[in-house]
>>> print(open('data.txt').read())   # compact mmCIF, C-alpha atoms and all ligand atoms
# COMPACT_ATOMS: atom_id res chain seq x y z
CA MET A 201 8.28 -3.25 11.24
CA ASN A 202 6.70 -6.62 10.57
CA VAL A 203 2.92 -6.50 10.24
CA LEU A 204 0.23 -9.19 10.32
CA LEU A 205 -3.05 -8.48 8.54
CA ILE A 206 -6.02 -10.69 9.42
CA GLY A 207 -8.63 -11.54 6.79
CA SER A 208 -9.08 -12.95 3.30
CA GLY A 209 -11.47 -10.72 1.33
CA GLY A 210 -11.25 -8.00 -1.29
CA ARG A 211 -11.11 -5.53 1.57
CA GLU A 212 -7.95 -7.17 2.91
CA HIS A 213 -6.38 -7.33 -0.55
CA ALA A 214 -6.90 -3.58 -0.92
CA MET A 215 -5.41 -3.03 2.56
CA ALA A 216 -2.43 -5.31 1.80
CA TRP A 217 -1.84 -3.57 -1.54
CA LYS A 218 -1.77 -0.17 0.18
CA LEU A 219 0.26 -1.34 3.21
CA ALA A 220 2.87 -2.87 0.91
CA GLN A 221 3.64 0.69 -0.31
CA SER A 222 4.54 1.89 3.21
CA PRO A 223 8.16 2.88 3.89
CA LEU A 224 7.59 1.77 7.51
CA LEU A 225 6.96 -1.84 6.48
CA ASP A 226 9.50 -4.67 6.51
CA THR A 227 7.50 -7.86 6.06
CA LEU A 228 3.73 -8.07 5.59
CA TYR A 229 2.06 -11.33 6.62
CA CYS A 230 -1.60 -12.08 6.00
CA ALA A 231 -3.72 -14.76 7.69
CA PRO A 232 -5.24 -16.52 5.89
CA GLY A 233 -5.14 -14.29 2.75
CA ASN A 234 -6.03 -15.27 -0.82
CA ALA A 235 -4.35 -15.66 -4.22
CA GLY A 236 -4.24 -11.91 -4.84
CA ILE A 237 -2.94 -11.02 -1.39
CA ALA A 238 -0.17 -13.58 -1.94
CA GLN A 239 1.24 -11.23 -4.61
CA VAL A 240 1.95 -8.52 -2.01
CA ALA A 241 2.19 -10.39 1.32
CA GLU A 242 3.27 -13.70 2.77
CA CYS A 243 0.07 -15.67 3.41
CA VAL A 244 -0.01 -17.86 6.51
CA ALA A 245 -2.62 -20.51 7.31
CA LEU A 246 -3.57 -19.46 10.85
CA ASP A 247 -6.91 -20.06 12.53
CA ILE A 248 -7.99 -16.43 13.03
CA SER A 249 -10.42 -17.36 15.81
CA ASP A 250 -7.54 -18.82 17.87
CA HIS A 251 -6.00 -15.83 19.65
CA SER A 252 -3.14 -17.78 21.21
CA GLN A 253 -2.11 -19.10 17.78
CA ILE A 254 -2.02 -15.54 16.43
CA ILE A 255 0.01 -14.31 19.41
CA GLN A 256 2.49 -17.18 19.05
CA PHE A 257 2.91 -16.43 15.34
CA CYS A 258 3.62 -12.76 16.14
CA ARG A 259 6.24 -13.73 18.73
CA ASP A 260 7.91 -16.25 16.41
CA ASN A 261 8.06 -13.79 13.51
CA ASN A 262 8.82 -10.54 15.30
CA VAL A 263 5.46 -9.03 14.33
CA SER A 264 4.85 -5.84 16.30
CA PHE A 265 1.65 -4.59 14.65
CA VAL A 266 -1.55 -6.48 13.81
CA ILE A 267 -4.39 -5.15 11.65
CA VAL A 268 -7.76 -6.84 11.89
CA GLY A 269 -10.05 -6.79 8.81
CA PRO A 270 -13.30 -8.57 9.75
CA GLU A 271 -15.67 -7.83 12.64
CA GLY A 272 -15.83 -11.35 14.10
CA PRO A 273 -12.37 -11.36 15.73
CA LEU A 274 -12.84 -7.75 16.93
CA VAL A 275 -16.10 -8.53 18.70
CA ASP A 276 -14.37 -11.64 20.11
CA GLY A 277 -11.69 -9.48 21.73
CA ILE A 278 -8.64 -10.20 19.58
CA VAL A 279 -7.31 -6.64 20.12
CA ASP A 280 -7.56 -7.03 23.91
CA ALA A 281 -5.72 -10.39 23.72
CA LEU A 282 -2.94 -8.94 21.55
CA GLU A 283 -2.52 -5.89 23.77
CA ALA A 284 -2.33 -8.10 26.85
CA ALA A 285 0.54 -9.87 25.05
CA ASP A 286 2.23 -6.48 24.37
CA ILE A 287 1.51 -6.53 20.63
CA SER A 288 0.01 -3.37 19.12
CA ALA A 289 -3.20 -3.96 17.21
CA PHE A 290 -5.30 -1.70 14.99
CA GLY A 291 -8.99 -1.93 15.80
CA PRO A 292 -11.38 -1.55 18.73
CA SER A 293 -11.43 -3.48 22.00
CA ALA A 294 -14.27 -5.99 22.48
CA ALA A 295 -16.08 -3.40 24.63
CA ALA A 296 -15.84 -0.74 21.90
CA ALA A 297 -16.68 -3.27 19.15
CA GLN A 298 -20.17 -3.51 20.67
CA LEU A 299 -20.96 -0.60 18.35
CA GLU A 300 -21.22 -3.31 15.67
CA GLY A 301 -21.73 -6.38 17.89
CA SER A 302 -24.92 -5.15 19.54
CA LYS A 303 -27.49 -3.05 17.72
CA GLY A 304 -29.27 -2.37 21.03
CA PHE A 305 -26.03 -1.03 22.55
CA THR A 306 -25.63 1.44 19.68
CA LYS A 307 -29.27 2.55 19.76
CA ASP A 308 -29.02 3.24 23.52
CA LEU A 309 -25.82 5.24 22.95
CA CYS A 310 -27.61 7.29 20.26
CA ALA A 311 -30.52 7.93 22.62
CA GLU A 312 -28.20 9.02 25.44
CA PHE A 313 -26.07 11.33 23.31
CA ASP A 314 -28.76 12.71 20.97
CA ILE A 315 -27.39 11.10 17.83
CA PRO A 316 -29.96 11.14 14.99
CA THR A 317 -31.23 7.62 14.30
CA ALA A 318 -34.54 5.79 13.72
CA ALA A 319 -36.90 5.57 16.72
CA TYR A 320 -36.62 2.12 18.34
CA GLN A 321 -37.36 -0.26 21.19
CA ARG A 322 -35.34 -3.26 22.46
CA PHE A 323 -37.07 -6.55 23.35
CA ASN A 324 -36.01 -9.82 24.93
CA ASN A 325 -39.29 -11.63 24.31
CA ALA A 326 -41.65 -12.06 21.37
CA PRO A 327 -45.04 -11.02 22.89
CA LYS A 328 -43.84 -7.54 23.87
CA ALA A 329 -42.08 -7.02 20.55
CA LYS A 330 -45.27 -8.04 18.71
CA ARG A 331 -47.42 -5.69 20.78
CA TYR A 332 -45.08 -2.81 19.83
CA VAL A 333 -45.21 -3.75 16.13
CA ARG A 334 -49.05 -3.82 16.21
CA GLU A 335 -49.01 -0.36 17.81
CA MET A 336 -46.54 1.11 15.30
CA GLY A 337 -47.80 -0.55 12.09
CA ALA A 338 -45.79 -1.21 8.92
CA PRO A 339 -43.39 -0.70 7.22
CA ILE A 340 -41.15 -1.43 10.18
CA VAL A 341 -37.68 -2.91 10.65
CA ILE A 342 -36.88 -5.97 12.80
CA LYS A 343 -33.23 -6.55 13.73
CA ALA A 344 -31.51 -9.39 15.54
CA ASP A 345 -29.31 -7.68 18.14
CA GLY A 346 -26.00 -9.47 17.49
CA LEU A 347 -23.73 -10.27 14.55
CA ALA A 348 -25.66 -12.19 11.89
CA ALA A 349 -23.42 -11.87 8.83
CA GLY A 350 -25.63 -9.14 7.40
CA LYS A 351 -28.74 -11.36 7.47
CA GLY A 352 -30.32 -10.29 10.75
CA VAL A 353 -32.23 -7.27 9.40
CA ILE A 354 -35.77 -7.72 8.09
CA MET A 355 -37.53 -4.79 6.49
CA ALA A 356 -41.14 -5.77 6.99
CA MET A 357 -43.61 -4.18 4.59
CA SER A 358 -46.61 -5.55 6.52
CA VAL A 359 -47.39 -6.21 10.19
CA GLU A 360 -47.74 -9.93 9.39
CA GLU A 361 -44.23 -10.04 7.96
CA ALA A 362 -42.89 -8.24 11.03
CA LEU A 363 -44.60 -10.67 13.40
CA ASP A 364 -43.12 -13.62 11.49
CA ALA A 365 -39.66 -12.03 11.62
CA ILE A 366 -39.95 -11.62 15.39
CA ASP A 367 -40.84 -15.32 15.72
CA ASP A 368 -37.89 -16.26 13.49
CA CYS A 369 -35.47 -14.26 15.64
CA PHE A 370 -36.63 -15.69 18.96
CA GLU A 371 -36.84 -19.21 17.49
CA GLY A 372 -33.13 -19.06 16.69
CA ALA A 373 -33.02 -18.25 12.95
CA PHE A 374 -29.95 -16.07 13.65
CA GLY A 375 -28.55 -18.12 16.52
CA ASP A 376 -27.58 -16.21 19.66
CA ALA A 377 -27.69 -12.96 17.65
CA GLY A 378 -31.51 -13.04 17.77
CA TYR A 379 -31.88 -13.57 21.51
CA GLU A 380 -32.58 -9.87 21.69
CA VAL A 381 -34.45 -7.90 19.02
CA VAL A 382 -34.48 -4.24 18.10
CA VAL A 383 -37.65 -2.97 16.40
CA GLU A 384 -37.22 0.34 14.65
CA GLU A 385 -38.84 2.93 12.47
CA PHE A 386 -38.44 2.46 8.71
CA LEU A 387 -36.31 5.27 7.27
CA GLU A 388 -36.67 6.48 3.70
CA GLY A 389 -33.89 8.03 1.67
CA GLU A 390 -30.63 7.30 -0.10
CA GLU A 391 -28.03 5.20 1.73
CA VAL A 392 -24.36 6.22 2.02
CA SER A 393 -21.37 5.22 4.10
CA LEU A 394 -18.90 7.46 5.87
CA PHE A 395 -15.59 6.25 7.29
CA ALA A 396 -13.34 7.79 9.93
CA PHE A 397 -10.05 6.82 11.55
CA CYS A 398 -10.44 7.09 15.34
CA ASP A 399 -7.90 7.10 18.17
CA GLY A 400 -10.25 7.10 21.16
CA GLN A 401 -10.71 10.87 21.20
CA THR A 402 -10.12 12.25 17.71
CA ALA A 403 -11.84 11.31 14.46
CA LEU A 404 -10.14 11.88 11.11
CA LEU A 405 -12.43 11.68 8.07
CA MET A 406 -11.46 8.94 5.61
CA GLY A 407 -14.14 9.47 3.05
CA THR A 408 -17.56 8.51 1.80
CA ALA A 409 -18.78 5.74 -0.47
CA GLN A 410 -21.93 4.18 -1.80
CA ASP A 411 -22.33 0.41 -1.81
CA HIS A 412 -24.80 -1.69 -3.86
CA LYS A 413 -26.12 -4.37 -1.52
CA ARG A 414 -28.76 -6.05 -3.69
CA VAL A 415 -27.74 -8.69 -6.17
CA GLY A 416 -29.92 -7.44 -9.06
CA GLU A 417 -29.88 -4.50 -11.44
CA GLY A 418 -31.49 -1.30 -10.13
CA ASP A 419 -31.03 -2.50 -6.53
CA THR A 420 -33.44 -5.44 -6.66
CA GLY A 421 -33.34 -9.02 -5.37
CA PRO A 422 -31.73 -10.44 -2.23
CA ASN A 423 -29.08 -8.66 -0.17
CA THR A 424 -25.43 -9.59 -0.62
CA GLY A 425 -22.19 -8.55 1.05
CA GLY A 426 -22.02 -5.77 -1.57
CA MET A 427 -21.86 -5.97 -5.38
CA GLY A 428 -19.90 -2.80 -6.08
CA ALA A 429 -19.18 0.68 -4.77
CA TYR A 430 -17.82 4.07 -5.65
CA SER A 431 -16.13 6.84 -3.71
CA PRO A 432 -16.64 9.66 -2.96
CA ALA A 433 -20.41 9.51 -2.56
CA ASP A 434 -21.36 12.48 -4.73
CA VAL A 435 -24.74 12.84 -3.00
CA MET A 436 -22.98 14.15 0.15
CA ASP A 437 -21.63 17.68 -0.08
CA GLN A 438 -19.08 19.12 2.36
CA ALA A 439 -21.80 20.67 4.56
CA MET A 440 -23.48 17.29 4.93
CA ILE A 441 -20.16 15.59 5.72
CA ASP A 442 -19.49 18.22 8.40
CA GLU A 443 -22.97 17.65 9.81
CA VAL A 444 -22.38 13.88 10.07
CA MET A 445 -18.97 14.36 11.66
CA GLY A 446 -20.36 16.91 14.15
CA ASP A 447 -23.73 15.34 14.99
CA ILE A 448 -22.95 11.63 14.69
CA ILE A 449 -19.24 10.69 14.74
CA VAL A 450 -17.91 13.17 17.32
CA PRO A 451 -20.70 12.55 19.90
CA THR A 452 -20.23 8.79 19.43
CA LEU A 453 -16.52 9.05 20.24
CA ALA A 454 -17.27 11.31 23.21
CA GLY A 455 -19.98 8.94 24.44
CA MET A 456 -17.76 5.88 24.13
CA HIS A 457 -14.97 7.72 25.94
CA SER A 458 -17.27 8.74 28.78
CA ARG A 459 -18.42 5.13 29.10
CA GLY A 460 -14.81 4.04 29.60
CA MET A 461 -14.60 2.23 26.26
CA PRO A 462 -12.73 4.60 23.94
CA PHE A 463 -13.15 3.68 20.28
CA LYS A 464 -10.02 3.10 18.20
CA GLY A 465 -9.85 1.90 14.61
CA ILE A 466 -12.21 2.53 11.73
CA LEU A 467 -15.68 3.76 12.49
CA PHE A 468 -17.92 2.98 9.51
CA ALA A 469 -21.26 4.78 9.68
CA GLY A 470 -24.10 3.44 7.54
CA LEU A 471 -26.33 6.48 6.96
CA MET A 472 -29.74 7.22 5.52
CA LEU A 473 -30.10 10.67 3.95
CA THR A 474 -33.67 11.39 5.00
CA GLU A 475 -35.82 14.48 4.49
CA ASP A 476 -34.87 15.45 8.05
CA GLY A 477 -31.14 15.11 7.36
CA PRO A 478 -28.64 12.26 7.74
CA GLN A 479 -29.55 9.55 10.27
CA LEU A 480 -27.42 6.70 11.53
CA ILE A 481 -28.63 3.26 10.38
CA GLU A 482 -25.81 1.28 11.93
CA TYR A 483 -22.16 1.28 12.84
CA ASN A 484 -19.51 -1.14 11.71
CA VAL A 485 -16.19 -1.14 13.55
CA ARG A 486 -13.98 -1.99 10.58
CA PHE A 487 -13.37 -1.16 6.95
CA GLY A 488 -16.23 -1.89 4.54
CA ASP A 489 -16.12 -4.49 1.80
CA PRO A 490 -16.26 -3.44 -1.08
CA GLU A 491 -15.98 0.23 0.08
CA THR A 492 -12.30 -0.19 1.02
CA GLN A 493 -11.55 -1.17 -2.57
CA VAL A 494 -12.63 2.33 -3.67
CA ILE A 495 -11.42 4.39 -0.71
CA LEU A 496 -7.83 3.17 -0.44
CA PRO A 497 -6.96 3.74 -4.12
CA ARG A 498 -7.75 7.43 -3.41
CA LEU A 499 -5.47 7.65 -0.35
CA LYS A 500 -2.16 9.35 -1.09
CA SER A 501 -0.81 9.17 2.48
CA ASP A 502 0.78 6.18 4.20
CA LEU A 503 -1.98 3.89 5.52
CA LEU A 504 0.33 2.23 8.05
CA GLU A 505 1.28 5.59 9.54
CA LEU A 506 -2.40 6.50 9.98
CA MET A 507 -3.12 3.16 11.62
CA ILE A 508 -0.20 3.55 14.03
CA ALA A 509 -1.46 7.06 14.91
CA SER A 510 -4.87 5.59 15.66
CA VAL A 511 -3.38 3.05 18.08
CA GLU A 512 -1.04 5.61 19.68
CA ASN A 513 -3.71 8.34 20.19
CA SER A 514 -1.90 10.75 17.87
CA LEU A 515 -4.33 11.31 14.98
CA LEU A 516 -4.20 15.06 15.69
CA GLU A 517 -0.57 15.00 14.59
CA VAL A 518 -1.07 13.35 11.18
CA GLU A 519 -2.86 14.29 8.00
CA ALA A 520 -4.52 12.16 5.38
CA GLU A 521 -4.25 13.32 1.80
CA TRP A 522 -6.78 12.11 -0.77
CA SER A 523 -6.87 12.28 -4.55
CA ASP A 524 -9.75 14.17 -6.20
CA GLU A 525 -10.41 11.25 -8.50
CA THR A 526 -13.39 8.94 -8.29
CA ALA A 527 -12.90 5.22 -7.81
CA LEU A 528 -15.49 2.61 -8.73
CA THR A 529 -15.36 -1.13 -8.15
CA VAL A 530 -17.48 -3.88 -9.67
CA VAL A 531 -17.69 -7.22 -7.87
CA LEU A 532 -17.43 -10.37 -9.99
CA ALA A 533 -19.25 -13.15 -8.15
CA SER A 534 -19.84 -16.86 -8.73
CA LYS A 535 -23.14 -17.59 -10.53
CA GLY A 536 -25.73 -18.45 -7.88
CA TYR A 537 -24.38 -16.06 -5.22
CA PRO A 538 -25.77 -15.07 -2.70
CA GLY A 539 -27.33 -18.55 -2.86
CA SER A 540 -25.28 -21.70 -3.48
CA TYR A 541 -22.61 -21.74 -6.17
CA GLU A 542 -20.00 -24.00 -7.73
CA LYS A 543 -16.46 -23.85 -6.35
CA GLY A 544 -13.17 -24.39 -8.13
CA THR A 545 -14.09 -22.88 -11.51
CA GLU A 546 -11.18 -21.48 -13.49
CA ILE A 547 -10.57 -17.78 -14.19
CA ARG A 548 -8.42 -16.85 -17.22
CA ASP A 549 -6.96 -13.72 -18.80
CA LEU A 550 -6.93 -11.56 -15.67
CA ASP A 551 -3.68 -10.02 -16.90
CA LYS A 552 -5.45 -8.78 -20.05
CA ALA A 553 -7.62 -6.51 -17.87
CA GLU A 554 -4.63 -4.72 -16.39
CA ALA A 555 -4.20 -0.99 -17.10
CA ASP A 556 -2.72 2.05 -15.35
CA ASN A 557 -6.04 3.08 -13.80
CA ILE A 558 -7.25 -0.47 -12.99
CA GLU A 559 -6.58 -2.45 -9.82
CA ILE A 560 -7.95 -5.95 -9.41
CA PHE A 561 -8.54 -6.95 -5.80
CA HIS A 562 -9.14 -10.63 -5.11
CA ALA A 563 -11.70 -11.99 -2.64
CA GLY A 564 -12.57 -15.72 -2.94
CA THR A 565 -9.68 -16.87 -5.11
CA ALA A 566 -7.04 -19.58 -4.78
CA GLU A 567 -4.23 -20.78 -6.97
CA ASN A 568 -4.33 -24.40 -8.05
CA ASP A 569 -1.42 -25.84 -10.08
CA GLY A 570 -0.71 -22.36 -11.45
CA ASN A 571 -4.38 -21.76 -12.36
CA LEU A 572 -6.51 -19.11 -10.72
CA THR A 573 -9.75 -20.58 -9.37
CA ALA A 574 -12.86 -19.17 -7.71
CA ILE A 575 -13.55 -20.57 -4.25
CA GLY A 576 -16.00 -18.02 -2.87
CA GLY A 577 -19.22 -16.11 -3.60
CA ARG A 578 -17.64 -12.73 -4.17
CA VAL A 579 -14.46 -13.43 -6.10
CA LEU A 580 -12.89 -10.36 -7.75
CA ASN A 581 -13.21 -6.58 -7.46
CA ILE A 582 -12.38 -4.70 -10.63
CA THR A 583 -11.55 -1.16 -9.54
CA ALA A 584 -11.10 1.78 -11.90
CA THR A 585 -10.18 5.36 -11.12
CA GLY A 586 -11.23 8.31 -13.27
CA SER A 587 -12.31 11.92 -13.26
CA SER A 588 -16.00 11.04 -12.87
CA VAL A 589 -18.14 8.08 -11.85
CA SER A 590 -19.21 7.66 -15.50
CA GLU A 591 -15.59 7.45 -16.64
CA ALA A 592 -14.52 5.04 -13.90
CA GLN A 593 -17.62 2.92 -14.59
CA ALA A 594 -16.88 2.69 -18.31
CA ASP A 595 -13.26 1.66 -17.65
CA ALA A 596 -14.17 -0.93 -15.01
CA TYR A 597 -16.68 -2.63 -17.33
CA ALA A 598 -14.25 -2.49 -20.28
CA ALA A 599 -11.67 -4.30 -18.12
CA ILE A 600 -14.22 -6.94 -17.06
CA LYS A 601 -14.99 -7.77 -20.72
CA LYS A 602 -11.38 -8.96 -21.10
CA ILE A 603 -11.59 -11.50 -18.27
CA ASP A 604 -12.56 -15.06 -19.18
CA TRP A 605 -14.57 -16.58 -16.34
CA GLN A 606 -17.52 -18.65 -17.52
CA ASN A 607 -18.99 -19.09 -14.04
CA GLY A 608 -18.82 -15.41 -13.06
CA PHE A 609 -21.38 -12.62 -13.16
CA CYS A 610 -21.63 -8.99 -12.11
CA ARG A 611 -24.21 -6.21 -11.94
CA SER A 612 -23.99 -4.02 -15.03
CA ASP A 613 -25.15 -0.81 -13.34
CA ILE A 614 -22.76 -0.11 -10.44
CA GLY A 615 -22.75 3.65 -9.83
CA TRP A 616 -26.13 4.19 -11.57
CA ARG A 617 -27.39 6.86 -9.18
CA ALA A 618 -24.24 8.97 -9.56
CA VAL A 619 -24.10 8.42 -13.33
CA ALA A 620 -27.70 9.65 -13.63
CA ARG A 621 -26.80 12.73 -11.56
CA GLU A 622 -23.73 13.38 -13.71
CA LYS A 623 -25.91 13.30 -16.85
CA GLU A 624 -28.28 15.93 -15.44
P1 LIG B 1 -27.86 -2.91 8.97
O1 LIG B 1 -27.26 -4.27 9.09
O2 LIG B 1 -28.41 -2.34 10.23
O3 LIG B 1 -27.02 -1.95 8.15
O4 LIG B 1 -29.09 -3.10 7.98
C1 LIG B 1 -28.92 -3.64 6.71
C2 LIG B 1 -29.66 -2.81 5.71
O5 LIG B 1 -31.03 -2.74 6.05
C3 LIG B 1 -29.19 -1.36 5.66
O6 LIG B 1 -28.09 -1.22 4.84
C4 LIG B 1 -30.42 -0.68 5.12
O7 LIG B 1 -30.50 -0.84 3.70
C5 LIG B 1 -31.54 -1.45 5.72
N1 LIG B 1 -32.03 -0.82 6.96
C6 LIG B 1 -31.59 -1.03 8.21
N2 LIG B 1 -32.26 -0.28 9.11
C7 LIG B 1 -33.17 0.43 8.40
C8 LIG B 1 -34.19 1.39 8.75
N3 LIG B 1 -34.41 1.74 10.00
N4 LIG B 1 -34.92 1.90 7.75
C9 LIG B 1 -34.74 1.53 6.46
N5 LIG B 1 -33.80 0.63 6.07
C10 LIG B 1 -33.02 0.09 7.02
N1 LIG B 2 -20.31 -3.25 2.42
C1 LIG B 2 -20.93 -3.39 3.67
C2 LIG B 2 -20.07 -3.91 4.75
O1 LIG B 2 -18.87 -4.02 4.63
O2 LIG B 2 -20.61 -4.25 5.79
>>> encode(input="data.txt", output="structure tokens")
Amino acid sequence: MNVLLIGSGGREHAMAWKLAQSPLLDTLYCAPGNAGIAQVAECVALDISDHSQIIQFCRDNNVSFVIVGPEGPLVDGIVDALEAADISAFGPSAAAAQLEGSKGFTKDLCAEFDIPTAAYQRFNNAPKAKRYVREMGAPIVIKADGLAAGKGVIMAMSVEEALDAIDDCFEGAFGDAGYEVVVEEFLEGEEVSLFAFCDGQTALLMGTAQDHKRVGEGDTGPNTGGMGAYSPADVMDQAMIDEVMGDIIVPTLAGMHSRGMPFKGILFAGLMLTEDGPQLIEYNVRFGDPETQVILPRLKSDLLELMIASVENSLLEVEAEWSDETALTVVLASKGYPGSYEKGTEIRDLDKAEADNIEIFHAGTAENDGNLTAIGGRVLNITATGSSVSEAQADAYAAIKKIDWQNGFCRSDIGWRAVAREKE
């Protein structure tokens, strides 16, 4: 079959790399793609927010299956539009994508179905939200309800900071996303992510990972899209995984089904491992970036087959096989990220970093007159596999040393929590 993948990040390069290995695949297209994806797929310059353009491309090129990487098009209803045009698409409907598109929606679902999560209240005006914050005290978390590109969450360490954050939200700092605000209890613990394929009724565990969201060493400085990750998350044992599947993922699927909005696609649970057990911080309705870059290298089964089973409600009939190895990825970003950065700087010697246990997934790259250039904040993901986090970490950083990119930087401590545990 011909497949169209939508997106242009490291996540989509990892997906394209894995999809290209599928015996079910004829031609893989990617819109818009990047310089790395172009090595395994045919990149097409489509406007991914224009559903009719996507549908027309599928008709013209005999594409019968579409895979959506980022959340924006999912929340905008691209899967509904494709299905109405008789084109199968992997991912949730707009109704089901509310699990990521509206934090208030998810919190209400958790309350209704007894899913462990931080205590919360929803507000549509500042005075009431402020009264609640004064009652609860700090630390406290203020969240814009809608999609805000990862920026709509403020962890306020003082009441003053929380009150300012509430004003910012209602004054439009996050656009329409902040029209409604969720105020919630501050959870303490270690953060992990768990991913599951879903077909509306059944959830099939994909795996766990730990991201590094802050830009600085030791998890300091501003938040980014993610500076590196490893999988599996060693801090979760099988009993804890079973607990999350049973107490969080399964009731979510059942709840969504009973609401008439069955969830299909990837359910990505952001979790806090608190003293009282795992609690849901948030859902994403898609693969994680950079978590995908460490989960897919561990998948032995055919990704395309699993995705088709998710769309066709037949996950019970397939199995996913995973390697026991650990994968770790380090993000190389443009100097200045997550603030402003220079574009168009040249990257050399990428081929020198190649090795049997190294995969390099591109994010913000383009090819210019045969030269590889950086055009984004997060630019490359250097992924190593090994028998431990320490081993994969050492190999990833050894590969990075061979790359010549003057304007690039990375964190030097990706995997530090797991490496410390391995040393114990
Ligand atoms: P979210 O977009 O909801 O994942 O929030 C972004 C980040 O804020 C999360 O990855 C956590 O690090 C942090 N965060 C969100 N909610 C809470 C909470 N209730 N308690 C502590 N940290 C939180
Ligand atoms: N790595 C976090 C995310 O994909 O949202």
>>> closest_residue(input="data.txt", among="A:Asn325, A:Ser393, A:Ser293, A:Ser288", to="Asp368 in chain A", atoms="all atoms listed in the file")
A:Asn325
>>> closest_atom_pairs(input="data.txt", of="chain A", to="ligand LIG 2 (chain B)", cutoff="8 Å", atoms="all atoms listed in the file", output="CSV")
residue,atom,partner,partner_atom,distance
A:Gly350,CA,B:LIG2,O2,7.2
A:Asp411,CA,B:LIG2,N1,5.9
A:His412,CA,B:LIG2,N1,7.9
A:Lys413,CA,B:LIG2,N1,7.1
A:Gly425,CA,B:LIG2,N1,5.8
A:Gly426,CA,B:LIG2,N1,5.0
A:Asn484,CA,B:LIG2,O2,6.8
A:Arg486,CA,B:LIG2,O1,8.0
A:Phe487,CA,B:LIG2,O1,6.6
A:Gly488,CA,B:LIG2,O1,3.4
A:Asp489,CA,B:LIG2,O1,4.0
A:Pro490,CA,B:LIG2,N1,5.4
A:Glu491,CA,B:LIG2,N1,6.0
>>> closest_atom_pairs(input="data.txt", of="chain A", to="ligand LIG 1 (chain B)", cutoff="8 Å", atoms="all atoms listed in the file", output="tab-separated table")
residue	atom	partner	partner_atom	distance
A:Lys303	CA	B:LIG1	O2	7.6
A:Thr317	CA	B:LIG1	N3	7.9
A:Ala318	CA	B:LIG1	N3	5.5
A:Ile340	CA	B:LIG1	N3	7.5
A:Val341	CA	B:LIG1	N3	5.7
A:Lys343	CA	B:LIG1	O2	7.3
A:Gly350	CA	B:LIG1	O1	5.4
A:Lys351	CA	B:LIG1	O1	7.4
A:Gly352	CA	B:LIG1	O1	7.0
A:Val353	CA	B:LIG1	O4	5.4
A:Ile354	CA	B:LIG1	O5	7.2
A:Met355	CA	B:LIG1	N5	6.6
A:Glu384	CA	B:LIG1	N3	5.6
A:Glu385	CA	B:LIG1	N3	5.2
A:Phe386	CA	B:LIG1	N4	3.7
A:Leu387	CA	B:LIG1	N4	3.7
A:Glu388	CA	B:LIG1	C9	6.0
A:Glu391	CA	B:LIG1	O7	6.8
A:Lys413	CA	B:LIG1	O6	7.4
A:Gly470	CA	B:LIG1	O3	6.2
A:Met472	CA	B:LIG1	C9	7.6
A:Ile481	CA	B:LIG1	N2	5.2
A:Glu482	CA	B:LIG1	O2	4.8
A:Tyr483	CA	B:LIG1	O3	7.5
>>> residues_near_point(input="data.txt", point="(-4.3, -21.6, -3.4)", cutoff="12 Å", atoms="all atoms listed in the file", output="short mmCIF file (atom, residue, chain, number, x, y, z; two decimals) with C-alpha atoms, in the frame of the given file")
data_model
loop_
_atom_site.label_atom_id
_atom_site.label_comp_id
_atom_site.auth_asym_id
_atom_site.auth_seq_id
_atom_site.Cartn_x
_atom_site.Cartn_y
_atom_site.Cartn_z
CA SER A 208 -9.08 -12.95 3.30
CA PRO A 232 -5.24 -16.52 5.89
CA GLY A 233 -5.14 -14.29 2.75
CA ASN A 234 -6.03 -15.27 -0.82
CA ALA A 235 -4.35 -15.66 -4.22
CA GLY A 236 -4.24 -11.91 -4.84
CA ILE A 237 -2.94 -11.02 -1.39
CA ALA A 238 -0.17 -13.58 -1.94
CA GLN A 239 1.24 -11.23 -4.61
CA CYS A 243 0.07 -15.67 3.41
CA VAL A 244 -0.01 -17.86 6.51
CA ALA A 245 -2.62 -20.51 7.31
CA GLY A 544 -13.17 -24.39 -8.13
CA GLY A 564 -12.57 -15.72 -2.94
CA THR A 565 -9.68 -16.87 -5.11
CA ALA A 566 -7.04 -19.58 -4.78
CA GLU A 567 -4.23 -20.78 -6.97
CA ASN A 568 -4.33 -24.40 -8.05
CA ASP A 569 -1.42 -25.84 -10.08
CA GLY A 570 -0.71 -22.36 -11.45
CA ASN A 571 -4.38 -21.76 -12.36
CA LEU A 572 -6.51 -19.11 -10.72
CA THR A 573 -9.75 -20.58 -9.37
CA ALA A 574 -12.86 -19.17 -7.71
CA ILE A 575 -13.55 -20.57 -4.25
#
>>> atom_distance(input="data.txt", atom1="CA of Leu405 in chain A", atom2="CA of Asn557 in chain A")
24.4 Å
>>> atom_distance(input="data.txt", atom1="CA of Asp367 in chain A", atom2="CA of Ala338 in chain A")
16.4 Å
>>> closest_residue(input="data.txt", among="A:Val383, A:Leu309, A:Ile508, A:Ala349", to="Lys328 in chain A", atoms="all atoms listed in the file")
A:Val383
>>> closest_atom_pairs(input="data.txt", of="range 438-519 of chain A", to="range 273-285 of chain A", cutoff="12 Å", atoms="only C-alpha atoms", output="JSON lines")
{"residue": "A:Met461", "atom": "CA", "partner": "A:Asp280", "partner_atom": "CA", "distance": 11.9}
{"residue": "A:Phe463", "atom": "CA", "partner": "A:Val279", "partner_atom": "CA", "distance": 11.9}
{"residue": "A:Lys464", "atom": "CA", "partner": "A:Val279", "partner_atom": "CA", "distance": 10.3}
{"residue": "A:Gly465", "atom": "CA", "partner": "A:Leu274", "partner_atom": "CA", "distance": 10.4}
{"residue": "A:Ile466", "atom": "CA", "partner": "A:Leu274", "partner_atom": "CA", "distance": 11.5}
{"residue": "A:Asn484", "atom": "CA", "partner": "A:Val275", "partner_atom": "CA", "distance": 10.7}
{"residue": "A:Val485", "atom": "CA", "partner": "A:Leu274", "partner_atom": "CA", "distance": 8.1}
{"residue": "A:Arg486", "atom": "CA", "partner": "A:Leu274", "partner_atom": "CA", "distance": 8.6}
{"residue": "A:Phe487", "atom": "CA", "partner": "A:Leu274", "partner_atom": "CA", "distance": 12.0}
{"residue": "A:Val511", "atom": "CA", "partner": "A:Glu283", "partner_atom": "CA", "distance": 10.6}
